[in-house]
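Pasting data_29.txt here (compact mmCIF, C-alpha atoms):
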```
# COMPACT_ATOMS: atom_id res chain seq x y z
CA MET J 1 48.45 -26.34 51.53
CA SER J 2 50.32 -26.55 48.26
CA LYS J 3 49.70 -26.41 44.55
CA ASP J 4 50.29 -30.16 44.39
CA ASP J 5 47.50 -30.73 46.93
CA PHE J 6 45.24 -28.37 45.00
CA LEU J 7 45.78 -30.30 41.80
CA ARG J 8 45.48 -33.67 43.53
CA PHE J 9 42.35 -33.22 45.62
CA GLN J 10 40.28 -30.45 44.03
CA ALA J 11 38.63 -31.02 40.66
CA GLN J 12 39.96 -28.60 38.04
CA THR J 13 38.19 -26.73 35.28
CA THR J 14 41.25 -26.41 33.03
CA PRO J 15 44.56 -28.28 32.65
CA HIS J 16 46.48 -25.17 33.74
CA PRO J 17 44.69 -23.18 36.48
CA LEU J 18 46.24 -19.93 37.67
CA ALA J 19 46.54 -21.49 41.16
CA MET J 20 47.04 -18.30 43.12
CA GLU J 21 46.78 -19.14 46.84
CA ILE J 22 44.49 -16.60 48.51
CA SER J 23 45.17 -15.13 51.93
CA HIS J 24 42.40 -12.53 52.16
CA ALA J 25 40.51 -9.91 50.15
CA GLU J 26 39.23 -6.44 50.92
CA GLY J 27 37.55 -3.80 48.77
CA SER J 28 39.10 -3.84 45.30
CA PHE J 29 42.09 -5.98 46.28
CA ILE J 30 42.98 -9.65 46.70
CA TYR J 31 46.08 -10.77 48.62
CA ASP J 32 48.01 -14.00 48.15
CA ASN J 33 49.83 -16.00 50.82
CA ASN J 34 53.00 -14.00 50.21
CA GLN J 35 50.99 -10.85 50.98
CA LYS J 36 51.29 -9.68 47.39
CA LYS J 37 48.47 -7.26 46.57
CA TYR J 38 46.38 -7.62 43.40
CA LEU J 39 43.99 -4.99 42.07
CA ASP J 40 40.87 -6.85 40.98
CA PHE J 41 39.56 -5.87 37.53
CA VAL J 42 37.40 -9.02 37.29
CA ALA J 43 35.32 -9.08 40.51
CA GLY J 44 34.93 -12.84 40.60
CA VAL J 45 33.71 -12.76 36.97
CA SER J 46 31.19 -9.96 37.59
CA ALA J 47 29.98 -11.49 40.87
CA CYS J 48 31.47 -9.22 43.54
CA SER J 49 29.47 -6.10 42.72
CA LEU J 50 30.44 -4.34 45.95
CA GLY J 51 34.00 -5.57 45.98
CA HIS J 52 35.35 -7.96 48.58
CA ARG J 53 33.88 -8.18 52.07
CA HIS J 54 31.76 -5.07 51.81
CA PRO J 55 30.95 -4.01 55.41
CA LYS J 56 27.17 -3.94 54.89
CA VAL J 57 27.19 -7.41 53.34
CA VAL J 58 29.39 -8.83 56.08
CA GLU J 59 27.16 -7.27 58.74
CA ALA J 60 24.02 -8.73 57.15
CA ILE J 61 25.59 -12.19 57.06
CA LYS J 62 26.70 -12.04 60.70
CA ASN J 63 23.32 -10.77 61.88
CA GLN J 64 21.50 -13.57 60.08
CA LEU J 65 23.89 -16.19 61.47
CA ASP J 66 22.80 -15.13 64.94
CA SER J 67 19.16 -15.96 64.09
CA TYR J 68 19.09 -19.08 61.90
CA MET J 69 20.65 -20.72 58.86
CA HIS J 70 18.95 -23.46 56.82
CA VAL J 71 15.68 -24.63 58.38
CA MET J 72 13.53 -26.10 55.58
CA VAL J 73 13.46 -26.75 51.84
CA TYR J 74 12.57 -23.77 49.67
CA GLY J 75 9.07 -22.39 49.63
CA GLU J 76 7.58 -23.97 52.76
CA TYR J 77 8.46 -21.64 55.63
CA ILE J 78 8.32 -17.85 55.71
CA GLN J 79 11.92 -16.75 56.09
CA LYS J 80 12.32 -12.99 56.39
CA PRO J 81 15.51 -12.46 54.33
CA ALA J 82 14.18 -14.35 51.31
CA LEU J 83 10.77 -12.68 51.46
CA GLU J 84 12.24 -9.21 51.81
CA LEU J 85 14.64 -9.87 48.93
CA THR J 86 11.87 -10.98 46.57
CA GLN J 87 9.72 -8.00 47.61
CA LEU J 88 12.56 -5.60 46.87
CA LEU J 89 13.29 -7.25 43.54
CA ALA J 90 9.64 -6.77 42.55
CA ASN J 91 10.07 -3.02 43.06
CA TYR J 92 12.68 -2.88 40.31
CA LEU J 93 11.30 -5.46 37.88
CA PRO J 94 8.63 -4.62 35.27
CA LYS J 95 5.19 -4.30 36.89
CA HIS J 96 3.82 -7.61 35.65
CA ILE J 97 6.85 -9.53 37.00
CA GLU J 98 6.07 -9.95 40.67
CA LYS J 99 7.19 -13.42 41.72
CA THR J 100 10.77 -14.61 42.10
CA TYR J 101 12.08 -18.12 42.59
CA LEU J 102 15.44 -18.06 44.41
CA THR J 103 18.05 -20.66 43.46
CA ASN J 104 21.65 -21.50 44.30
CA SER J 105 23.22 -20.31 41.04
CA GLY J 106 22.54 -18.64 37.74
CA THR J 107 22.73 -21.86 35.77
CA GLU J 108 20.13 -23.50 38.03
CA ALA J 109 17.90 -20.48 37.46
CA ILE J 110 18.30 -20.91 33.70
CA ASP J 111 17.10 -24.52 33.99
CA GLY J 112 14.15 -23.37 36.07
CA ALA J 113 13.24 -20.71 33.49
CA LEU J 114 13.34 -23.25 30.65
CA LYS J 115 11.10 -25.61 32.62
CA LEU J 116 8.70 -22.77 33.36
CA ALA J 117 8.46 -21.79 29.69
CA ARG J 118 7.71 -25.34 28.59
CA ARG J 119 5.27 -25.92 31.42
CA TYR J 120 3.31 -22.71 30.87
CA THR J 121 3.12 -22.74 27.06
CA GLY J 122 2.74 -26.49 26.58
CA ARG J 123 5.30 -26.19 23.79
CA SER J 124 8.74 -27.78 23.63
CA GLU J 125 10.87 -25.73 21.21
CA ILE J 126 13.46 -23.36 22.67
CA LEU J 127 15.32 -20.81 20.54
CA ALA J 128 18.72 -19.60 21.74
CA ALA J 129 21.52 -17.58 20.18
CA HIS J 130 24.73 -18.67 18.52
CA LYS J 131 27.67 -17.97 20.86
CA ALA J 132 25.31 -17.79 23.83
CA TYR J 133 26.48 -18.78 27.30
CA HIS J 134 23.95 -19.49 30.04
CA GLY J 135 25.81 -21.88 32.35
CA ASN J 136 26.85 -25.52 32.43
CA THR J 137 24.04 -27.64 33.86
CA MET J 138 22.47 -29.86 31.23
CA GLY J 139 19.60 -27.48 30.52
CA ALA J 140 21.83 -24.42 30.32
CA LEU J 141 24.37 -26.35 28.26
CA SER J 142 21.62 -27.26 25.80
CA VAL J 143 21.03 -23.58 25.01
CA MET J 144 24.75 -22.80 24.78
CA GLY J 145 25.60 -21.65 21.28
CA TYR J 146 29.06 -23.16 21.06
CA GLU J 147 29.19 -26.69 19.73
CA GLU J 148 32.79 -27.42 20.71
CA ARG J 149 31.85 -27.20 24.39
CA LYS J 150 28.59 -29.14 23.98
CA GLN J 151 29.57 -32.09 21.82
CA PRO J 152 31.26 -34.24 24.50
CA PHE J 153 28.07 -34.16 26.61
CA ARG J 154 25.43 -34.98 23.99
CA PRO J 155 22.62 -35.95 23.89
CA LEU J 156 21.25 -32.78 25.45
CA LEU J 157 17.73 -31.34 25.59
CA PRO J 158 15.78 -31.91 22.37
CA ASP J 159 13.97 -29.22 20.37
CA VAL J 160 16.58 -26.51 20.82
CA ARG J 161 17.30 -24.33 17.78
CA PHE J 162 19.61 -21.37 17.28
CA ILE J 163 19.43 -17.91 15.78
CA HIS J 164 22.14 -15.30 15.29
CA PHE J 165 22.12 -12.45 17.79
CA ASN J 166 21.25 -9.08 16.22
CA GLU J 167 20.07 -10.66 12.94
CA GLU J 168 16.48 -9.50 12.56
CA LYS J 169 15.72 -11.66 9.52
CA GLU J 170 16.08 -14.81 11.64
CA LEU J 171 13.18 -13.86 13.90
CA GLU J 172 10.85 -15.67 11.48
CA LYS J 173 12.21 -18.86 13.08
CA ILE J 174 10.07 -18.01 16.12
CA THR J 175 6.88 -19.96 15.35
CA SER J 176 3.80 -21.40 17.04
CA LYS J 177 6.00 -24.33 18.10
CA THR J 178 8.28 -22.05 20.12
CA ALA J 179 7.91 -22.11 23.89
CA ALA J 180 10.55 -19.45 24.50
CA VAL J 181 13.41 -17.46 23.09
CA ILE J 182 16.30 -17.19 25.55
CA LEU J 183 18.89 -14.46 25.05
CA GLU J 184 21.57 -12.73 27.06
CA THR J 185 20.73 -9.04 27.23
CA ILE J 186 24.39 -8.45 26.37
CA GLN J 187 26.18 -11.49 24.99
CA GLY J 188 28.94 -12.28 27.49
CA GLY J 189 31.09 -15.18 26.32
CA ALA J 190 30.89 -13.90 22.75
CA GLY J 191 32.74 -10.72 23.68
CA PHE J 192 30.21 -8.39 25.40
CA ILE J 193 28.08 -7.78 22.32
CA GLU J 194 25.23 -5.32 22.79
CA PRO J 195 21.87 -5.57 20.99
CA LYS J 196 21.61 -3.16 18.06
CA ASN J 197 18.83 -1.48 16.08
CA GLU J 198 16.15 -2.22 18.69
CA TYR J 199 16.85 -5.92 18.31
CA LEU J 200 15.46 -6.94 21.70
CA GLN J 201 12.28 -4.94 21.11
CA LYS J 202 11.81 -6.73 17.81
CA VAL J 203 12.32 -10.13 19.47
CA GLU J 204 9.77 -9.16 22.13
CA ARG J 205 7.18 -8.14 19.53
CA ARG J 206 7.67 -11.36 17.55
CA CYS J 207 7.32 -13.45 20.71
CA LYS J 208 4.10 -11.68 21.69
CA ALA J 209 2.66 -12.10 18.20
CA ILE J 210 3.38 -15.83 18.18
CA GLY J 211 2.59 -16.64 21.83
CA ALA J 212 6.16 -17.48 22.81
CA LEU J 213 7.90 -16.26 25.96
CA LEU J 214 11.00 -14.08 26.04
CA ILE J 215 13.61 -15.11 28.63
CA LEU J 216 16.40 -12.60 29.24
CA ASP J 217 19.57 -13.74 30.95
CA GLU J 218 20.67 -10.88 33.20
CA ILE J 219 23.25 -12.92 35.12
CA GLN J 220 26.10 -10.63 34.04
CA PRO J 221 24.45 -7.31 33.05
CA GLY J 222 22.18 -7.20 36.10
CA PHE J 223 22.39 -5.14 39.29
CA GLY J 224 23.96 -1.88 38.29
CA ARG J 225 26.78 -3.10 36.09
CA THR J 226 25.38 -1.37 33.00
CA GLY J 227 24.14 1.74 34.83
CA THR J 228 20.64 0.43 35.52
CA VAL J 229 19.36 -2.25 37.89
CA PHE J 230 18.74 -4.57 34.92
CA GLY J 231 20.55 -4.38 31.61
CA PHE J 232 17.36 -4.67 29.55
CA GLU J 233 16.26 -1.25 30.85
CA ASN J 234 18.83 0.26 28.49
CA TYR J 235 17.11 -1.25 25.44
CA ASN J 236 13.40 -0.56 26.11
CA CYS J 237 12.56 -4.24 26.24
CA THR J 238 10.24 -6.04 28.64
CA PRO J 239 10.86 -9.80 29.03
CA ASP J 240 8.44 -12.42 30.31
CA ILE J 241 11.06 -14.18 32.45
CA VAL J 242 14.18 -12.59 33.93
CA VAL J 243 17.11 -14.71 35.10
CA VAL J 244 19.70 -13.27 37.51
CA GLY J 245 22.69 -14.42 39.54
CA LYS J 246 26.33 -13.34 40.01
CA GLY J 247 26.20 -9.68 41.10
CA LEU J 248 23.11 -10.06 43.30
CA GLY J 249 24.88 -12.08 45.99
CA GLY J 250 27.59 -9.65 47.06
CA GLY J 251 30.10 -12.49 46.77
CA MET J 252 27.72 -15.23 47.93
CA PRO J 253 26.27 -17.93 45.61
CA ILE J 254 22.80 -17.09 44.33
CA GLY J 255 20.54 -17.19 41.29
CA ALA J 256 16.88 -16.44 40.63
CA PHE J 257 14.26 -16.38 37.93
CA SER J 258 11.32 -14.00 38.01
CA ALA J 259 8.00 -13.93 36.15
CA SER J 260 4.37 -12.95 36.53
CA ALA J 261 2.26 -14.71 39.13
CA GLU J 262 0.32 -16.42 36.34
CA LEU J 263 3.47 -17.91 34.86
CA MET J 264 5.21 -18.77 38.10
CA ASP J 265 2.18 -20.43 39.67
CA SER J 266 2.19 -23.03 36.91
CA LEU J 267 5.22 -24.61 38.62
CA SER J 268 3.34 -25.17 41.87
CA ASP J 269 0.70 -27.60 40.62
CA SER J 270 0.11 -30.34 38.02
CA PRO J 271 2.53 -31.57 39.11
CA LYS J 272 3.09 -30.17 42.56
CA LEU J 273 6.75 -29.49 43.31
CA GLY J 274 7.35 -28.73 39.64
CA HIS J 275 10.68 -27.15 40.54
CA ILE J 276 12.24 -27.70 43.95
CA THR J 277 15.52 -26.92 45.67
CA THR J 278 16.86 -27.59 49.14
CA PHE J 279 19.08 -24.56 49.63
CA GLY J 280 17.52 -21.98 47.28
CA GLY J 281 16.61 -18.84 49.23
CA HIS J 282 19.08 -19.75 51.96
CA PRO J 283 18.56 -17.12 54.67
CA VAL J 284 22.23 -16.17 55.05
CA ILE J 285 22.70 -15.76 51.31
CA ALA J 286 19.37 -13.94 50.94
CA ALA J 287 20.46 -11.53 53.69
CA ALA J 288 23.71 -10.84 51.81
CA ALA J 289 21.80 -10.32 48.55
CA LEU J 290 19.30 -7.99 50.22
CA ALA J 291 22.13 -5.85 51.60
CA THR J 292 23.81 -5.84 48.18
CA LEU J 293 20.68 -4.80 46.30
CA LYS J 294 19.93 -2.04 48.81
CA GLU J 295 23.44 -0.64 48.54
CA ILE J 296 23.38 -0.66 44.73
CA THR J 297 19.97 0.99 44.48
CA GLU J 298 20.34 3.49 47.33
CA SER J 299 23.80 4.78 46.33
CA THR J 300 25.29 6.45 43.27
CA LEU J 301 26.99 3.24 42.09
CA MET J 302 24.83 2.80 39.00
CA ASN J 303 25.46 6.32 37.70
CA ASP J 304 29.10 5.99 38.69
CA ALA J 305 29.40 2.85 36.53
CA LEU J 306 28.66 4.91 33.43
CA GLU J 307 31.18 7.59 34.42
CA LYS J 308 33.78 4.91 35.06
CA GLU J 309 33.06 3.44 31.63
CA LYS J 310 33.79 6.84 30.07
CA TYR J 311 37.04 7.03 31.99
CA ILE J 312 38.16 3.55 30.91
CA ARG J 313 37.32 4.18 27.25
CA LYS J 314 39.21 7.48 27.31
CA LYS J 315 42.19 6.06 29.17
CA LEU J 316 42.66 2.78 27.28
CA LYS J 317 43.63 4.17 23.91
CA HIS J 318 46.47 2.10 22.51
CA PRO J 319 47.47 0.74 19.08
CA LEU J 320 47.12 -2.83 20.37
CA ILE J 321 43.55 -2.24 21.60
CA LYS J 322 41.34 -2.39 18.53
CA GLU J 323 37.95 -2.02 20.20
CA ILE J 324 36.26 -1.77 23.60
CA ARG J 325 32.87 -3.47 23.76
CA GLY J 326 30.13 -3.48 26.35
CA LYS J 327 28.44 -1.00 28.64
CA GLY J 328 29.10 0.42 32.10
CA LEU J 329 31.52 -1.82 33.97
CA MET J 330 30.84 -4.81 31.72
CA LEU J 331 33.62 -4.17 29.22
CA SER J 332 35.99 -6.13 27.05
CA ALA J 333 39.08 -4.73 25.37
CA LEU J 334 39.90 -6.54 22.14
CA THR J 335 43.56 -6.69 21.20
CA SER J 336 44.96 -7.44 17.77
CA SER J 337 45.49 -11.16 18.47
CA PRO J 338 44.75 -13.98 20.94
CA GLU J 339 48.49 -14.24 21.63
CA ILE J 340 48.67 -10.63 22.79
CA THR J 341 45.61 -11.08 24.99
CA ASN J 342 47.13 -14.15 26.64
CA LYS J 343 50.38 -12.33 27.32
CA VAL J 344 48.53 -9.33 28.76
CA VAL J 345 46.44 -11.39 31.18
CA ILE J 346 49.40 -13.41 32.44
CA GLU J 347 51.78 -10.46 32.74
CA ALA J 348 49.13 -8.35 34.46
CA MET J 349 48.89 -10.96 37.19
CA ASN J 350 52.67 -10.82 37.59
CA GLN J 351 52.35 -7.06 38.03
CA GLY J 352 49.52 -7.23 40.56
CA LEU J 353 46.52 -6.67 38.28
CA ILE J 354 43.82 -9.30 37.82
CA LEU J 355 42.39 -9.50 34.32
CA PHE J 356 40.75 -12.49 32.63
CA TRP J 357 39.58 -13.97 29.35
CA LEU J 358 36.14 -14.43 27.77
CA LEU J 359 34.87 -17.83 26.71
CA TYR J 360 34.49 -17.56 22.94
CA GLU J 361 36.34 -14.40 21.91
CA PRO J 362 40.06 -15.15 22.25
CA LYS J 363 41.14 -11.56 21.61
CA ALA J 364 39.06 -10.12 24.47
CA ILE J 365 40.38 -8.95 27.84
CA ARG J 366 37.66 -8.95 30.49
CA ILE J 367 37.32 -5.68 32.42
CA THR J 368 34.57 -6.10 35.01
CA PRO J 369 35.82 -4.52 38.24
CA PRO J 370 33.65 -4.07 41.34
CA LEU J 371 31.13 -1.25 41.03
CA THR J 372 32.77 0.21 44.13
CA ILE J 373 36.20 0.60 42.52
CA SER J 374 37.54 4.15 42.88
CA PHE J 375 38.75 6.33 40.03
CA GLU J 376 42.22 6.22 41.57
CA GLU J 377 42.16 2.42 41.47
CA LEU J 378 40.89 2.50 37.90
CA GLU J 379 43.77 4.76 36.95
CA GLN J 380 46.24 2.41 38.63
CA GLY J 381 44.90 -0.61 36.79
CA CYS J 382 44.68 1.12 33.42
CA ASN J 383 48.23 2.43 33.78
CA THR J 384 49.46 -1.11 34.47
CA LEU J 385 47.60 -2.42 31.43
CA LEU J 386 48.98 0.33 29.19
CA LYS J 387 52.50 -0.30 30.47
CA ILE J 388 52.19 -3.98 29.53
CA LEU J 389 50.85 -3.09 26.09
CA ASP J 390 53.69 -0.64 25.52
CA SER J 391 56.19 -3.38 26.39
CA LEU J 392 54.50 -5.81 23.99
CA SER J 393 54.46 -3.17 21.22
CA LYS J 394 58.24 -2.87 21.39
CA ASN J 395 58.58 -6.62 20.90
CA CYS J 396 56.06 -6.93 18.08
```

Go through the file and emit its structure as structure tokens.
Amino acid sequence: MSKDDFLRFQAQTTPHPLAMEISHAEGSFIYDNNQKKYLDFVAGVSACSLGHRHPKVVEAIKNQLDSYMHVMVYGEYIQKPALELTQLLANYLPKHIEKTYLTNSGTEAIDGALKLARRYTGRSEILAAHKAYHGNTMGALSVMGYEERKQPFRPLLPDVRFIHFNEEKELEKITSKTAAVILETIQGGAGFIEPKNEYLQKVERRCKAIGALLILDEIQPGFGRTGTVFGFENYNCTPDIVVVGKGLGGGMPIGAFSASAELMDSLSDSPKLGHITTFGGHPVIAAAALATLKEITESTLMNDALEKEKYIRKKLKHPLIKEIRGKGLMLSALTSSPEITNKVVIEAMNQGLILFWLLYEPKAIRITPPLTISFEELEQGCNTLLKILDSLSKNC
């Protein structure tokens, strides 16, 4: 293999990919083909909650491989891993949310949630937030709040309007025409912006008053990253539909949307097969997700995430870091300029530390390590980051 082959045969997402050739990964580290060791402060963009190749996840995958892999399209056969996963999810979701539809990715789950809201309410209007990111399928792209990324693919879904996150006065835009309001519990691409002044509670109350549904995108905040199983638990808000992905799979591709039986059953009839998928609920992936969810909920990882946040905030004090946003191990460090952020991310990779960018906030450095990262590893990574910032300060 070579970089030339990579660029020739595999479709790229940017003109200049990092193109690190991976040999293997274990715990909090990734190794390239030269056996250089990289401390992972990104966790596959918040996806590898338990780090790389967690023993319990690997064991669950191998055990399921010995029984069966794909046998039938989603929802027809009783397959133990998928059923046990949805049962366990119901234990941690709000009481009225008891049914889960398993998908292949978070963005597919977003599309399913939008369809469900329109089907159940009989309304067409969807309200989303400016600077929102929910994925890149056509439905998810339609509720993206960043026109530069949407324009080349128009026309998109009709009847989508936008409000500003955390601006209470705009909630009057939720009307009897609104099928659903879709929000990220914590805005990710915008720079890890938390809801303020009981904003999510106020959105929930407005939705209830008007008969609209509240969809919360938990794809990044979910599964322990903010110190609770779901991020919305931190803000005393109860959604109608919850969308998850990323961190649930333990490094395997998964998504899901969950709702009450009354809502979810509206997808099963009139028309039948209202939302279908071939590989959703795949038994091997469901087994990995089940092992991941058990480990997160039966260990101290969620409480540890909050302690690790305190450590990072205390450690990363530097003149070039103007602010640290987010909660738990969903953090972004904002430098004084996009140029500094770019230099930090690139130089960190040279020094064996994996950092990354956020979509819409060019000054932000993503810090989303595995929940399993040790304090010693956190110290190592923070020291590397501070060393790079010190070097940049001298040249500023």

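The space separating atom CA of Asp4 of chain J from atom CA of Ala25 of chain J comes to 23.2 Å.
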
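Shortest atom-to-atom contact with Lys80 of chain J among J:Ile324, J:Leu316, J:Leu290, J:Met302: J:Leu290, counting all atoms listed in the file.
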
Nearby residues, (24.0, -18.3, 25.5) file frame, 10 Å, only C-alpha atoms, as a PyMOL selection string: chain J and resi 128-135+140-146+162+165+182-190+217

Among the residues J:Asn303, J:Gln220, J:Gln64, J:Ser46, the one that comes closest to Gly251 of chain J [using only C-alpha atoms]: J:Ser46

Just the residues within 9 Å of Asn342 of chain J, please, counting only C-alpha atoms, with nothing from its chain fewer than 3 positions along; format it as a list in words.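 The residues satisfying every condition are Ser337, Pro338, Glu339, Val345, Ile346, Glu347, Phe356, Trp357, Pro362, Lys363 and Ile365 of chain J.
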
List the neighbours of Ile22 of chain J out to 7 Å using all atoms listed in the file; skip same-chain residues closer than 3 positions along the sequence, and give me the result as a ChimeraX atom specification. /J:31-33

For segment 240-242 of chain J: contacts at 8 Å, only C-alpha atoms, fewer than 5 positions along chain excluded, given as a tab-separated table (two decimals) with C-alpha atoms, in the frame of the given file:
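Final output, saved to part.tsv:
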```tsv
chain	number	residue	atom	x	y	z
J	97	ILE	CA	6.85	-9.53	37.00
J	113	ALA	CA	13.24	-20.71	33.49
J	213	LEU	CA	7.90	-16.26	25.96
J	214	LEU	CA	11.00	-14.08	26.04
J	215	ILE	CA	13.61	-15.11	28.63
J	216	LEU	CA	16.40	-12.60	29.24
J	217	ASP	CA	19.57	-13.74	30.95
J	218	GLU	CA	20.67	-10.88	33.20
J	257	PHE	CA	14.26	-16.38	37.93
J	258	SER	CA	11.32	-14.00	38.01
J	259	ALA	CA	8.00	-13.93	36.15
J	260	SER	CA	4.37	-12.95	36.53
```

Out of J:Lys317, J:Arg205, J:Lys294, J:Arg366, which residue has the shortest atom-to-atom distance to Leu89 of chain J when counting all atoms listed in the file? J:Lys294

Do you know which residues are at most 7 Å from segment 377-385 of chain J counting only C-alpha atoms, after dropping those on the same chain fewer than 5 positions away, and could you put them as an NGL selection string? :J and (39 or 315-316 or 348 or 353)

Contacts of Ala212 of chain J at 8 Å or less, counting only C-alpha atoms, minus same-chain residues fewer than 6 places along, as a PyMOL selection string? chain J and resi 121+174-176+178-181

Interatomic distance, atom CA of Gly106 of chain J to atom CA of Gly224 of chain J (Å, one decimal): 16.8 Å

Nearest to Asn104 of chain J, chosen from J:Ser124, J:Thr278, J:Ser266, J:Gln151, with all atoms listed in the file counted in the distances: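 Selected residue with least distance to Asn104 of chain J: J:Thr278.
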
Out of J:Leu157, J:Met264, J:Arg225, J:Ile193, which residue has the shortest atom-to-atom distance to Glu98 of chain J when counting all atoms listed in the file? J:Met264

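Proximity to Ala43 of chain J was assessed for J:Thr368, J:Pro15, J:Leu248, J:Asp304 counting all atoms listed in the file; the smallest distance is recorded for J:Thr368.
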
Provide the atom CA of Leu114 of chain J to atom CA of Phe232 of chain J distance in Å, to one decimal place.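 Distance between the two atoms: 19.0 Å.
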
Reconstructed segment 233-245 of chain J, atom set N, CA and C atoms, as a compact mmCIF listing (two decimals), keeping the file's coordinate frame:
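Ended up saving to part_2.txt:
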```
# COMPACT_ATOMS: atom_id res chain seq x y z
N GLU J 233 16.82 -2.60 30.74
CA GLU J 233 16.26 -1.25 30.85
C GLU J 233 16.92 -0.29 29.87
N ASN J 234 18.13 -0.59 29.45
CA ASN J 234 18.83 0.26 28.49
C ASN J 234 18.30 0.11 27.07
N TYR J 235 17.50 -0.93 26.81
CA TYR J 235 17.11 -1.25 25.44
C TYR J 235 15.60 -1.28 25.25
N ASN J 236 14.86 -0.71 26.21
CA ASN J 236 13.40 -0.56 26.11
C ASN J 236 12.71 -1.87 25.76
N CYS J 237 13.12 -2.90 26.46
CA CYS J 237 12.56 -4.24 26.24
C CYS J 237 11.98 -4.76 27.54
N THR J 238 10.86 -5.46 27.46
CA THR J 238 10.24 -6.04 28.64
C THR J 238 10.11 -7.55 28.46
N PRO J 239 10.92 -8.34 29.17
CA PRO J 239 10.86 -9.80 29.03
C PRO J 239 9.69 -10.40 29.79
N ASP J 240 9.43 -11.67 29.53
CA ASP J 240 8.44 -12.42 30.31
C ASP J 240 9.08 -13.08 31.52
N ILE J 241 10.32 -13.53 31.37
CA ILE J 241 11.06 -14.18 32.45
C ILE J 241 12.44 -13.54 32.52
N VAL J 242 12.86 -13.17 33.72
CA VAL J 242 14.18 -12.59 33.93
C VAL J 242 15.00 -13.55 34.78
N VAL J 243 16.22 -13.83 34.35
CA VAL J 243 17.11 -14.71 35.10
C VAL J 243 18.30 -13.89 35.61
N VAL J 244 18.60 -14.04 36.91
CA VAL J 244 19.70 -13.27 37.51
C VAL J 244 20.60 -14.21 38.31
N GLY J 245 21.73 -13.66 38.75
CA GLY J 245 22.69 -14.42 39.54
C GLY J 245 23.87 -13.52 39.88
```
